[in-house]
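Below is the file structure.tsv, which contains TSV, C-alpha atoms.
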```tsv
chain	number	residue	atom	x	y	z
A	3	MET	CA	0.00	0.00	0.00
A	4	SER	CA	1.46	3.39	-0.93
A	5	LEU	CA	2.13	5.76	1.93
A	6	TRP	CA	-0.20	8.36	0.47
A	7	LEU	CA	-3.05	5.84	0.42
A	8	VAL	CA	-2.35	4.88	4.05
A	9	ILE	CA	-2.46	8.54	5.12
A	10	LEU	CA	-5.64	9.17	3.17
A	11	LEU	CA	-7.40	6.12	4.60
A	12	ALA	CA	-6.19	6.91	8.12
A	13	GLY	CA	-7.66	10.39	7.70
A	14	LEU	CA	-10.95	8.98	6.41
A	15	LEU	CA	-11.21	6.49	9.27
A	16	THR	CA	-10.49	9.20	11.84
A	17	PHE	CA	-13.05	11.48	10.20
A	18	ALA	CA	-15.64	8.67	10.17
A	19	THR	CA	-15.07	8.15	13.91
A	20	ARG	CA	-15.56	11.86	14.55
A	21	LEU	CA	-18.72	11.98	12.44
A	22	SER	CA	-20.16	8.68	13.70
A	23	PHE	CA	-22.60	9.67	16.43
A	24	ILE	CA	-23.26	13.13	14.99
A	25	LEU	CA	-24.85	11.32	12.03
A	26	LEU	CA	-26.32	8.40	14.01
A	27	HIS	CA	-28.12	10.80	16.31
A	28	ASP	CA	-30.30	11.91	13.38
A	29	HIS	CA	-31.36	8.45	12.35
A	30	ILE	CA	-31.78	6.29	15.43
A	31	LYS	CA	-33.22	6.93	18.85
A	32	LEU	CA	-30.42	6.28	21.29
A	33	PRO	CA	-31.40	4.49	24.51
A	34	ASN	CA	-32.10	6.54	27.63
A	35	TRP	CA	-29.07	5.34	29.62
A	36	PHE	CA	-26.86	6.28	26.68
A	37	GLN	CA	-28.18	9.82	26.64
A	38	ARG	CA	-27.81	10.14	30.41
A	39	GLY	CA	-24.26	8.86	30.15
A	40	LEU	CA	-23.26	11.62	27.74
A	41	ARG	CA	-23.12	14.14	30.57
A	42	PHE	CA	-20.17	12.22	32.02
A	43	VAL	CA	-18.18	12.03	28.77
A	44	PRO	CA	-16.15	15.26	29.14
A	45	LEU	CA	-15.56	14.67	32.86
A	46	ALA	CA	-14.44	11.08	32.35
A	47	VAL	CA	-12.36	11.42	29.17
A	48	LEU	CA	-10.57	14.60	30.21
A	49	SER	CA	-9.85	13.21	33.70
A	50	ALA	CA	-8.50	10.05	32.08
A	51	ILE	CA	-6.12	12.28	30.12
A	52	ILE	CA	-5.17	14.60	33.01
A	53	LEU	CA	-3.95	12.26	35.75
A	54	PRO	CA	-1.87	9.96	33.53
A	55	GLU	CA	-0.24	13.11	32.06
A	56	LEU	CA	0.62	14.40	35.54
A	57	ALA	CA	1.80	10.99	36.71
A	58	THR	CA	4.02	10.41	33.68
A	59	HIS	CA	7.43	12.02	34.09
A	60	ASN	CA	10.20	11.56	31.52
A	61	ALA	CA	8.03	9.02	29.70
A	62	ALA	CA	7.67	6.76	32.76
A	63	LEU	CA	5.07	6.42	35.50
A	64	ASP	CA	6.31	8.41	38.51
A	65	LEU	CA	4.06	8.63	41.54
A	66	SER	CA	6.96	9.51	43.84
A	67	LEU	CA	7.52	12.73	45.75
A	68	HIS	CA	10.11	13.67	43.12
A	69	ASN	CA	7.58	14.28	40.36
A	70	PRO	CA	7.00	18.08	40.27
A	71	GLN	CA	4.01	17.68	37.93
A	72	LEU	CA	1.96	16.09	40.69
A	73	TYR	CA	2.44	19.10	42.99
A	74	ALA	CA	1.80	21.61	40.20
A	75	GLY	CA	-1.28	19.66	39.10
A	76	ALA	CA	-2.66	19.55	42.65
A	77	LEU	CA	-2.20	23.31	42.97
A	78	ALA	CA	-3.90	23.85	39.59
A	79	VAL	CA	-6.88	21.78	40.79
A	80	LEU	CA	-7.13	24.05	43.83
A	81	VAL	CA	-6.91	27.24	41.75
A	82	ALA	CA	-9.46	25.94	39.22
A	83	TRP	CA	-11.83	25.04	42.02
A	84	ARG	CA	-11.54	28.43	43.78
A	85	THR	CA	-11.37	30.77	40.77
A	86	LYS	CA	-13.03	28.86	37.88
A	87	ASN	CA	-10.59	30.85	35.72
A	88	VAL	CA	-8.78	29.04	32.88
A	89	LEU	CA	-5.91	31.50	32.41
A	90	LEU	CA	-5.26	31.81	36.13
A	91	THR	CA	-5.20	28.02	36.46
A	92	ILE	CA	-2.68	27.65	33.61
A	93	LEU	CA	-0.52	30.45	34.96
A	94	ALA	CA	-0.52	29.10	38.53
A	95	GLY	CA	0.19	25.57	37.27
A	96	MET	CA	3.10	26.62	35.04
A	97	VAL	CA	4.68	28.83	37.70
A	98	ALA	CA	4.25	26.03	40.24
A	99	LEU	CA	5.85	23.52	37.86
A	100	LEU	CA	8.92	25.73	37.33
A	101	VAL	CA	9.23	26.45	41.06
A	102	PHE	CA	8.88	22.78	42.08
A	103	GLN	CA	11.31	21.71	39.34
A	104	ALA	CA	13.85	24.21	40.67
A	105	LEU	CA	13.23	23.20	44.29
A	106	LEU	CA	13.62	19.48	43.55
A	107	ARG	CA	16.89	20.21	41.77
A	108	ILE	CA	18.24	22.00	44.86
A	109	LEU	CA	17.00	19.52	47.45
B	19	MET	CA	-31.67	17.32	29.03
B	20	LEU	CA	-29.64	20.49	29.14
B	21	ALA	CA	-31.07	22.20	26.11
B	22	PRO	CA	-34.43	23.31	27.60
B	23	GLU	CA	-32.68	24.88	30.60
B	24	ILE	CA	-30.36	26.75	28.31
B	25	MET	CA	-33.34	27.98	26.29
B	26	ASN	CA	-34.88	29.52	29.40
B	27	GLU	CA	-31.69	31.31	30.28
B	28	SER	CA	-31.50	32.91	26.91
B	29	THR	CA	-32.22	36.46	26.04
B	30	MET	CA	-30.84	36.98	22.56
B	31	PRO	CA	-28.58	34.76	20.49
B	32	THR	CA	-25.00	35.97	20.45
B	33	THR	CA	-23.96	37.03	16.95
B	34	ARG	CA	-22.06	34.57	14.76
B	35	GLY	CA	-18.96	36.74	14.70
B	36	ARG	CA	-18.85	37.08	18.47
B	37	GLU	CA	-19.31	33.34	18.98
B	38	PHE	CA	-16.55	32.63	16.44
B	39	TRP	CA	-14.04	34.96	18.06
B	40	ARG	CA	-14.91	33.72	21.53
B	41	GLY	CA	-14.08	30.21	20.33
B	42	VAL	CA	-10.77	31.49	18.95
B	43	ARG	CA	-10.02	33.30	22.20
B	44	ASP	CA	-10.91	30.36	24.46
B	45	GLU	CA	-8.81	27.99	22.36
B	46	ALA	CA	-5.80	30.33	22.47
B	47	PRO	CA	-4.25	29.22	25.82
B	48	ILE	CA	-4.30	25.55	24.72
B	49	LEU	CA	-2.18	26.45	21.69
B	50	LEU	CA	0.81	26.90	24.00
B	51	GLY	CA	0.53	23.23	24.83
B	52	VAL	CA	-0.34	22.05	21.31
B	53	ALA	CA	2.48	23.82	19.45
B	54	PRO	CA	5.27	21.77	21.11
B	55	PHE	CA	3.46	18.58	20.06
B	56	GLY	CA	3.30	19.84	16.48
B	57	LEU	CA	7.04	20.58	16.57
B	58	ILE	CA	7.76	17.13	17.97
B	59	PHE	CA	5.59	15.42	15.37
B	60	GLY	CA	7.20	17.35	12.50
B	61	ALA	CA	10.69	16.55	13.74
B	62	LEU	CA	9.81	12.87	14.36
B	63	ALA	CA	8.33	12.51	10.89
B	64	ILE	CA	11.53	13.80	9.28
B	65	ASP	CA	13.60	11.52	11.54
B	66	ALA	CA	11.50	8.61	10.26
B	67	HIS	CA	12.45	9.63	6.69
B	68	ILE	CA	8.89	10.60	5.78
B	69	ALA	CA	8.84	13.01	2.81
B	70	VAL	CA	7.98	16.62	3.68
B	71	PRO	CA	4.64	16.78	1.79
B	72	VAL	CA	3.53	13.47	3.35
B	73	ALA	CA	4.45	14.64	6.85
B	74	GLN	CA	2.52	17.88	6.40
B	75	ALA	CA	-0.43	16.00	4.84
B	76	MET	CA	-0.60	13.74	7.91
B	77	SER	CA	-1.29	16.84	10.01
B	78	SER	CA	-3.84	18.26	7.57
B	79	ILE	CA	-5.67	15.02	6.81
B	80	ILE	CA	-5.44	12.91	9.97
B	81	PHE	CA	-5.25	15.89	12.38
B	82	ALA	CA	-4.88	13.80	15.54
B	83	GLY	CA	-1.54	14.26	17.29
B	84	ALA	CA	-1.06	11.08	19.28
B	85	SER	CA	-2.02	8.82	16.38
B	86	GLN	CA	0.24	10.76	14.01
B	87	ILE	CA	3.25	10.37	16.28
B	88	ILE	CA	2.67	6.62	16.58
B	89	ALA	CA	2.05	6.34	12.82
B	90	ALA	CA	5.28	8.24	12.04
B	91	GLN	CA	7.26	5.83	14.22
B	92	MET	CA	5.64	2.83	12.55
B	93	ILE	CA	6.31	4.22	9.08
B	94	GLY	CA	9.94	4.70	10.13
B	95	THR	CA	10.25	1.05	11.11
B	96	GLY	CA	8.53	-0.16	7.93
B	97	THR	CA	5.30	-1.42	9.49
B	98	SER	CA	2.69	-2.58	6.99
B	99	GLY	CA	-0.01	-0.12	5.93
B	100	LEU	CA	-2.85	-2.26	7.26
B	101	VAL	CA	-1.33	-2.43	10.74
B	102	ILE	CA	-0.80	1.35	10.73
B	103	LEU	CA	-4.45	1.87	9.76
B	104	LEU	CA	-5.63	-0.45	12.51
B	105	VAL	CA	-3.51	1.26	15.16
B	106	VAL	CA	-4.53	4.78	14.07
B	107	SER	CA	-8.19	3.73	14.24
B	108	VAL	CA	-7.84	2.33	17.74
B	109	VAL	CA	-5.89	5.35	19.03
B	110	ASN	CA	-8.58	7.65	17.62
B	111	LEU	CA	-11.58	5.70	18.90
B	112	ARG	CA	-12.09	8.19	21.74
B	113	HIS	CA	-13.33	10.66	19.13
B	114	ALA	CA	-16.51	8.58	18.87
B	115	LEU	CA	-17.21	9.55	22.48
B	116	TYR	CA	-16.75	13.22	21.61
B	117	SER	CA	-19.02	12.71	18.61
B	118	ALA	CA	-21.77	11.25	20.81
B	119	SER	CA	-21.27	14.05	23.32
B	120	VAL	CA	-21.70	16.95	20.86
B	121	ALA	CA	-24.32	15.21	18.70
B	122	PRO	CA	-27.39	16.63	20.53
B	123	TYR	CA	-26.02	20.17	20.18
B	124	VAL	CA	-25.29	20.05	16.45
B	125	ARG	CA	-28.42	18.14	15.51
B	126	HIS	CA	-30.16	21.15	13.98
B	127	LEU	CA	-27.25	21.97	11.65
B	128	SER	CA	-26.99	21.27	7.92
B	129	PRO	CA	-25.02	18.22	6.69
B	130	GLY	CA	-22.25	20.55	5.51
B	131	TRP	CA	-21.82	22.03	8.97
B	132	LYS	CA	-21.84	18.58	10.56
B	133	ILE	CA	-19.08	17.39	8.23
B	134	LEU	CA	-17.03	20.53	8.82
B	135	LEU	CA	-17.34	20.36	12.61
B	136	ALA	CA	-16.62	16.60	12.61
B	137	CYS	CA	-13.34	17.34	10.78
B	138	LEU	CA	-12.39	19.73	13.59
B	139	LEU	CA	-13.45	17.50	16.51
B	140	THR	CA	-10.15	17.08	18.38
B	141	ASP	CA	-9.46	16.65	22.12
B	142	GLU	CA	-8.60	20.32	22.53
B	143	ALA	CA	-11.47	21.79	20.47
B	144	TYR	CA	-13.92	19.38	22.11
B	145	ALA	CA	-12.81	20.34	25.63
B	146	VAL	CA	-13.57	24.06	25.25
B	147	THR	CA	-16.61	23.59	23.00
B	148	ILE	CA	-18.48	21.15	25.25
B	149	THR	CA	-17.76	23.47	28.18
B	150	HIS	CA	-19.27	26.34	26.19
B	151	TYR	CA	-22.32	24.28	25.18
B	152	ASN	CA	-22.90	23.38	28.84
B	153	GLN	CA	-22.76	27.01	29.92
B	154	GLU	CA	-25.58	29.52	29.89
B	155	GLY	CA	-26.40	31.56	26.86
B	156	HIS	CA	-28.54	31.19	23.75
B	157	PRO	CA	-27.48	28.03	21.88
B	158	ALA	CA	-28.42	29.26	18.39
B	159	ASN	CA	-24.97	30.32	17.16
B	160	LYS	CA	-22.75	28.20	19.37
B	161	HIS	CA	-21.59	26.15	16.39
B	162	TRP	CA	-19.65	29.25	15.33
B	163	TYR	CA	-17.75	29.01	18.61
B	164	PHE	CA	-16.98	25.35	17.76
B	165	LEU	CA	-15.78	26.47	14.31
B	166	GLY	CA	-13.59	29.23	15.79
B	167	ALA	CA	-11.97	26.89	18.31
B	168	GLY	CA	-11.54	24.11	15.73
B	169	LEU	CA	-10.03	26.26	12.98
B	170	THR	CA	-7.65	27.92	15.44
B	171	LEU	CA	-6.36	24.54	16.51
B	172	TRP	CA	-6.13	23.22	12.94
B	173	THR	CA	-4.12	26.24	11.82
B	174	THR	CA	-1.77	26.00	14.80
B	175	TRP	CA	-1.28	22.29	14.15
B	176	GLN	CA	-0.31	22.94	10.51
B	177	VAL	CA	2.09	25.78	11.35
B	178	SER	CA	3.76	23.96	14.25
B	179	THR	CA	4.10	20.78	12.15
B	180	ALA	CA	5.79	22.80	9.40
B	181	MET	CA	8.13	24.37	11.96
B	182	GLY	CA	8.99	20.93	13.34
B	183	ILE	CA	9.68	19.69	9.80
B	184	PHE	CA	11.94	22.56	8.82
B	185	ILE	CA	13.50	23.67	12.11
B	186	GLY	CA	13.20	20.60	14.33
B	187	ALA	CA	12.03	20.43	17.94
B	188	GLN	CA	15.02	21.99	19.66
B	189	LEU	CA	12.90	24.27	21.83
B	190	PRO	CA	14.32	23.90	25.35
B	191	LEU	CA	10.94	24.86	26.78
B	192	ALA	CA	9.01	22.38	24.65
B	193	TRP	CA	8.70	19.67	27.29
B	194	SER	CA	7.53	22.04	30.00
B	195	LEU	CA	5.11	23.90	27.74
B	196	ASP	CA	3.20	20.74	26.92
B	197	PHE	CA	2.15	20.83	30.58
B	198	VAL	CA	-0.32	23.53	29.48
B	199	LEU	CA	-2.53	20.77	28.06
B	200	PRO	CA	-3.36	18.93	31.31
B	201	LEU	CA	-3.60	22.31	33.07
B	202	THR	CA	-6.21	23.54	30.60
B	203	PHE	CA	-8.18	20.34	30.98
B	204	ILE	CA	-8.03	20.74	34.77
B	205	ALA	CA	-9.37	24.29	34.39
B	206	LEU	CA	-12.27	22.97	32.29
B	207	VAL	CA	-13.12	19.83	34.29
B	208	ILE	CA	-12.93	21.06	37.90
B	209	PRO	CA	-15.62	23.78	37.62
B	210	ALA	CA	-17.85	21.26	35.80
B	211	LEU	CA	-17.87	18.89	38.80
B	212	LYS	CA	-21.22	19.80	40.29
B	213	ASP	CA	-22.48	16.62	41.97
B	214	LYS	CA	-21.28	13.37	43.52
B	215	ALA	CA	-21.95	11.36	40.36
B	216	GLY	CA	-19.77	13.71	38.32
B	217	VAL	CA	-16.95	13.63	40.86
B	218	ALA	CA	-17.16	9.82	41.01
B	219	ALA	CA	-16.98	9.59	37.20
B	220	ALA	CA	-13.94	11.90	37.06
B	221	VAL	CA	-12.04	10.25	39.93
B	222	THR	CA	-12.70	6.75	38.60
B	223	ALA	CA	-11.58	7.68	35.09
B	224	ALA	CA	-8.45	9.43	36.40
B	225	LEU	CA	-7.36	6.50	38.59
B	226	VAL	CA	-8.16	3.82	36.02
B	227	GLY	CA	-6.32	5.96	33.46
B	228	VAL	CA	-3.15	5.71	35.56
B	229	LEU	CA	-3.61	1.98	36.24
B	230	THR	CA	-4.04	1.25	32.52
B	231	LEU	CA	-1.12	3.38	31.33
B	232	GLY	CA	0.60	0.18	30.20
B	233	PHE	CA	-2.22	-0.71	27.78
B	234	PRO	CA	-1.20	-0.34	24.14
B	235	PHE	CA	-2.46	2.32	21.72
B	236	LYS	CA	-4.36	4.46	24.21
B	237	THR	CA	-6.86	1.67	24.90
B	238	GLY	CA	-6.35	2.38	28.61
B	239	LEU	CA	-7.88	5.81	28.05
B	240	LEU	CA	-10.98	4.17	26.57
B	241	VAL	CA	-11.31	1.67	29.43
B	242	ALA	CA	-10.89	4.50	31.95
B	243	ALA	CA	-13.46	6.72	30.24
B	244	PHE	CA	-16.05	3.94	29.98
B	245	LEU	CA	-15.60	2.90	33.62
B	246	GLY	CA	-15.87	6.54	34.69
B	247	ILE	CA	-19.10	7.02	32.75
B	248	LEU	CA	-20.47	3.74	34.14
B	249	ILE	CA	-19.71	4.74	37.75
B	250	GLY	CA	-21.27	8.16	37.11
B	251	LEU	CA	-24.46	6.53	35.81
B	252	LEU	CA	-24.63	4.10	38.73
B	253	MET	CA	-24.12	6.87	41.30
B	254	GLU	CA	-26.76	9.01	39.63
B	255	GLY	CA	-29.19	6.09	39.63
B	256	ARG	CA	-28.61	5.52	43.34
B	257	SER	CA	-29.18	9.13	44.36
B	258	LYS	CA	-32.58	9.20	42.66
```

This entry written out as structure tokens:
Amino acid sequence: MSLWLVILLAGLLTFATRLSFILLHDHIKLPNWFQRGLRFVPLAVLSAIILPELATHNAALDLSLHNPQLYAGALAVLVAWRTKNVLLTILAGMVALLVFQALLRIL
Amino acid sequence: MLAPEIMNESTMPTTRGREFWRGVRDEAPILLGVAPFGLIFGALAIDAHIAVPVAQAMSSIIFAGASQIIAAQMIGTGTSGLVILLVVSVVNLRHALYSASVAPYVRHLSPGWKILLACLLTDEAYAVTITHYNQEGHPANKHWYFLGAGLTLWTTWQVSTAMGIFIGAQLPLAWSLDFVLPLTFIALVIPALKDKAGVAAAVTAALVGVLTLGFPFKTGLLVAAFLGILIGLLMEGRSK
């Protein structure tokens, strides 16, 4: 299979996945539990991205006290909870990451 | 379920232009985290001896970072096309969840709009758009917000891929900047946790996500998301 064809088909398959339920929703009545479950999709998927990202340090799982991302992430959770402000959360998290990285280097 | 409440909140629909630019603006912070990934992908693709037009086309046509990085590595090691297709499909399966999640909100749109928005349905555009759909305000022109967020991300992905191809990923800050991604998701998820069922869904998904980190091709993410949703549904059922 030529590389161009692989890329094109990979794009089509990805697009079909993205379009799947947007189209299905028009044609079939989805069961009640399915519709109730949709509310949890952003919470569940994004959380399943967040924690593994924080817990992975230098491409390996690191749940030790030496992983600065865990501290910075915990602080970001606190800031997000108190302020509900996206920019403030990012700023606090990035500053915290740099500070904790520097601290861990010294200690 | 949410739509009627939103209707009652509404006064006037926000204009298309304002929705579009709000989408652009809300997507902007995430770009800091996305650009390093684009650089890394571009540089990886060249390392794997992928021709420049093919590498750029991967970003324009597939437009899904994690799957592109894995595909580039497989192309570099001479993996067969069918296996690459299979892996890309599995890695990108989570987009079906996003599709189901936005489907009720884009139902009223023309087929052309649905196709366009489906093309732009990435992790990062989905995260801000679903947050916007769940917030107050007249829903009529919110698809313009989706379009603004999606196009902003697409453009950034193309430019950062090109930079990675031609300059490489020698940014010293690159690895720290990608931390903006989980931080943005934290900023979007935490305020959306409004009841026990939601918290249970998020905590379950987060923990299972870590436990299944060893699963191949991001299948752990799918397992974690499904278990989170299931626990959310069960908790909600119990509290009623």

### Selection near region 227-234 of chain B, 7 Å with only C-alpha atoms, sequence-local residues under 6 positions removed, as number ranges by chain
A: 50, 53-54; B: 242

Skip region 64-76 of chain A itself and residues of its chain fewer than 2 positions away, then list as a tab-separated table (two decimals) with C-alpha atoms, keeping the file's coordinate frame all residues within 10 Å of it, counting only C-alpha atoms.
```
chain	number	residue	atom	x	y	z
A	52	ILE	CA	-5.17	14.60	33.01
A	53	LEU	CA	-3.95	12.26	35.75
A	54	PRO	CA	-1.87	9.96	33.53
A	55	GLU	CA	-0.24	13.11	32.06
A	56	LEU	CA	0.62	14.40	35.54
A	57	ALA	CA	1.80	10.99	36.71
A	58	THR	CA	4.02	10.41	33.68
A	59	HIS	CA	7.43	12.02	34.09
A	60	ASN	CA	10.20	11.56	31.52
A	61	ALA	CA	8.03	9.02	29.70
A	62	ALA	CA	7.67	6.76	32.76
A	78	ALA	CA	-3.90	23.85	39.59
A	79	VAL	CA	-6.88	21.78	40.79
A	80	LEU	CA	-7.13	24.05	43.83
A	81	VAL	CA	-6.91	27.24	41.75
A	82	ALA	CA	-9.46	25.94	39.22
A	91	THR	CA	-5.20	28.02	36.46
A	92	ILE	CA	-2.68	27.65	33.61
A	94	ALA	CA	-0.52	29.10	38.53
A	95	GLY	CA	0.19	25.57	37.27
A	96	MET	CA	3.10	26.62	35.04
A	97	VAL	CA	4.68	28.83	37.70
A	98	ALA	CA	4.25	26.03	40.24
A	99	LEU	CA	5.85	23.52	37.86
A	100	LEU	CA	8.92	25.73	37.33
A	101	VAL	CA	9.23	26.45	41.06
A	102	PHE	CA	8.88	22.78	42.08
A	103	GLN	CA	11.31	21.71	39.34
A	104	ALA	CA	13.85	24.21	40.67
A	105	LEU	CA	13.23	23.20	44.29
A	106	LEU	CA	13.62	19.48	43.55
A	107	ARG	CA	16.89	20.21	41.77
B	194	SER	CA	7.53	22.04	30.00
B	197	PHE	CA	2.15	20.83	30.58
B	200	PRO	CA	-3.36	18.93	31.31
B	201	LEU	CA	-3.60	22.31	33.07
B	204	ILE	CA	-8.03	20.74	34.77
B	228	VAL	CA	-3.15	5.71	35.56
```

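Here the question is which of B:Trp39, B:Phe184, B:Phe59, B:Phe203 gets nearest to Val47 (chain A) using only C-alpha atoms, and that residue is B:Phe203.
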
### Given only C-alpha atoms as the counted atoms, nearest of B:Phe164, B:Phe81, B:Phe55, B:Tyr144 to Val43 (chain A)
B:Tyr144

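Residue nearest Leu32 (chain A), chosen from B:Ala118, B:Ala167, B:Ala46, B:Leu225 and counting all atoms listed in the file: B:Ala118.
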
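Here CA of Gly39 (chain A) stands at a distance of 12.6 Å from CA of Val120 (chain B).
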
#### Entry: Distance filter 6 Å, all atoms listed in the file, chain B against chain A, as an NGL selection string
:B and (79-80 or 99 or 103 or 113-114 or 117-119 or 121 or 136-137 or 200-201 or 205 or 207-209 or 219-220 or 223-224 or 227-228 or 239 or 243 or 246-247)

Would you kindly identify which residues have an atom no farther than 12 Å from (-13.7, 33.9, 25.0), using all atoms listed in the file and the file's own coordinates, and write them out as an mmCIF file with C-alpha atoms, keeping the file's coordinate frame?
```
data_model
loop_
_atom_site.group_PDB
_atom_site.id
_atom_site.type_symbol
_atom_site.label_atom_id
_atom_site.label_comp_id
_atom_site.auth_asym_id
_atom_site.auth_seq_id
_atom_site.Cartn_x
_atom_site.Cartn_y
_atom_site.Cartn_z
ATOM 1 C CA ASN A 87 -10.590 30.850 35.720
ATOM 2 C CA VAL A 88 -8.780 29.040 32.880
ATOM 3 C CA LEU A 89 -5.910 31.500 32.410
ATOM 4 C CA GLY B 35 -18.960 36.740 14.700
ATOM 5 C CA ARG B 36 -18.850 37.080 18.470
ATOM 6 C CA GLU B 37 -19.310 33.340 18.980
ATOM 7 C CA PHE B 38 -16.550 32.630 16.440
ATOM 8 C CA TRP B 39 -14.040 34.960 18.060
ATOM 9 C CA ARG B 40 -14.910 33.720 21.530
ATOM 10 C CA GLY B 41 -14.080 30.210 20.330
ATOM 11 C CA VAL B 42 -10.770 31.490 18.950
ATOM 12 C CA ARG B 43 -10.020 33.300 22.200
ATOM 13 C CA ASP B 44 -10.910 30.360 24.460
ATOM 14 C CA GLU B 45 -8.810 27.990 22.360
ATOM 15 C CA ALA B 46 -5.800 30.330 22.470
ATOM 16 C CA PRO B 47 -4.250 29.220 25.820
ATOM 17 C CA VAL B 146 -13.570 24.060 25.250
ATOM 18 C CA THR B 147 -16.610 23.590 23.000
ATOM 19 C CA THR B 149 -17.760 23.470 28.180
ATOM 20 C CA HIS B 150 -19.270 26.340 26.190
ATOM 21 C CA TYR B 163 -17.750 29.010 18.610
ATOM 22 C CA PHE B 164 -16.980 25.350 17.760
ATOM 23 C CA GLY B 166 -13.590 29.230 15.790
ATOM 24 C CA ALA B 167 -11.970 26.890 18.310
#
```

### Task
Give me, please, the distance in Å between CA of Ile249 (chain B) and CA of Val109 (chain B), quoted to one decimal.
23.3 Å

### Query
CA of Ile58 (chain B) to CA of Ile148 (chain B): how many Å, to one decimal?
27.5 Å

## Note on the structure
Counting all atoms listed in the file, closest pick from B:Ala66, B:Ala82, B:Leu195, B:Tyr123 relative to His156 (chain B) is B:Tyr123

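With all atoms listed in the file as the atoms that count, the minimum distance from Ala69 (chain B) to the choices B:Leu111, B:Leu245, B:Leu134, B:Ile183 is reached by B:Ile183.
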
### Query
Leaving out region 74-78 of chain B and any residue of its chain fewer than 5 positions from it, which residues lie within 8 Å of it when counting all atoms listed in the file, given as JSON, numbers by chain?
{"A": [9, 13], "B": [60, 83, 86, 172, 175, 176, 179, 180]}

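Using all atoms listed in the file for every distance, the candidate list B:Leu100, B:Leu248, B:Leu139, B:Met253 yields B:Leu139 as the residue closest to Thr170 (chain B).
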
Give the padded box for region 83-90 of chain A as lines of an AutoDock Vina configuration file: axis-aligned, covering all atoms listed in the file, 4 Å on each side, centre and edge lengths in Å to one decimal.
```
center_x = -9.1
center_y = 28.4
center_z = 38.1
size_x = 15.8
size_y = 14.8
size_z = 19.4
```
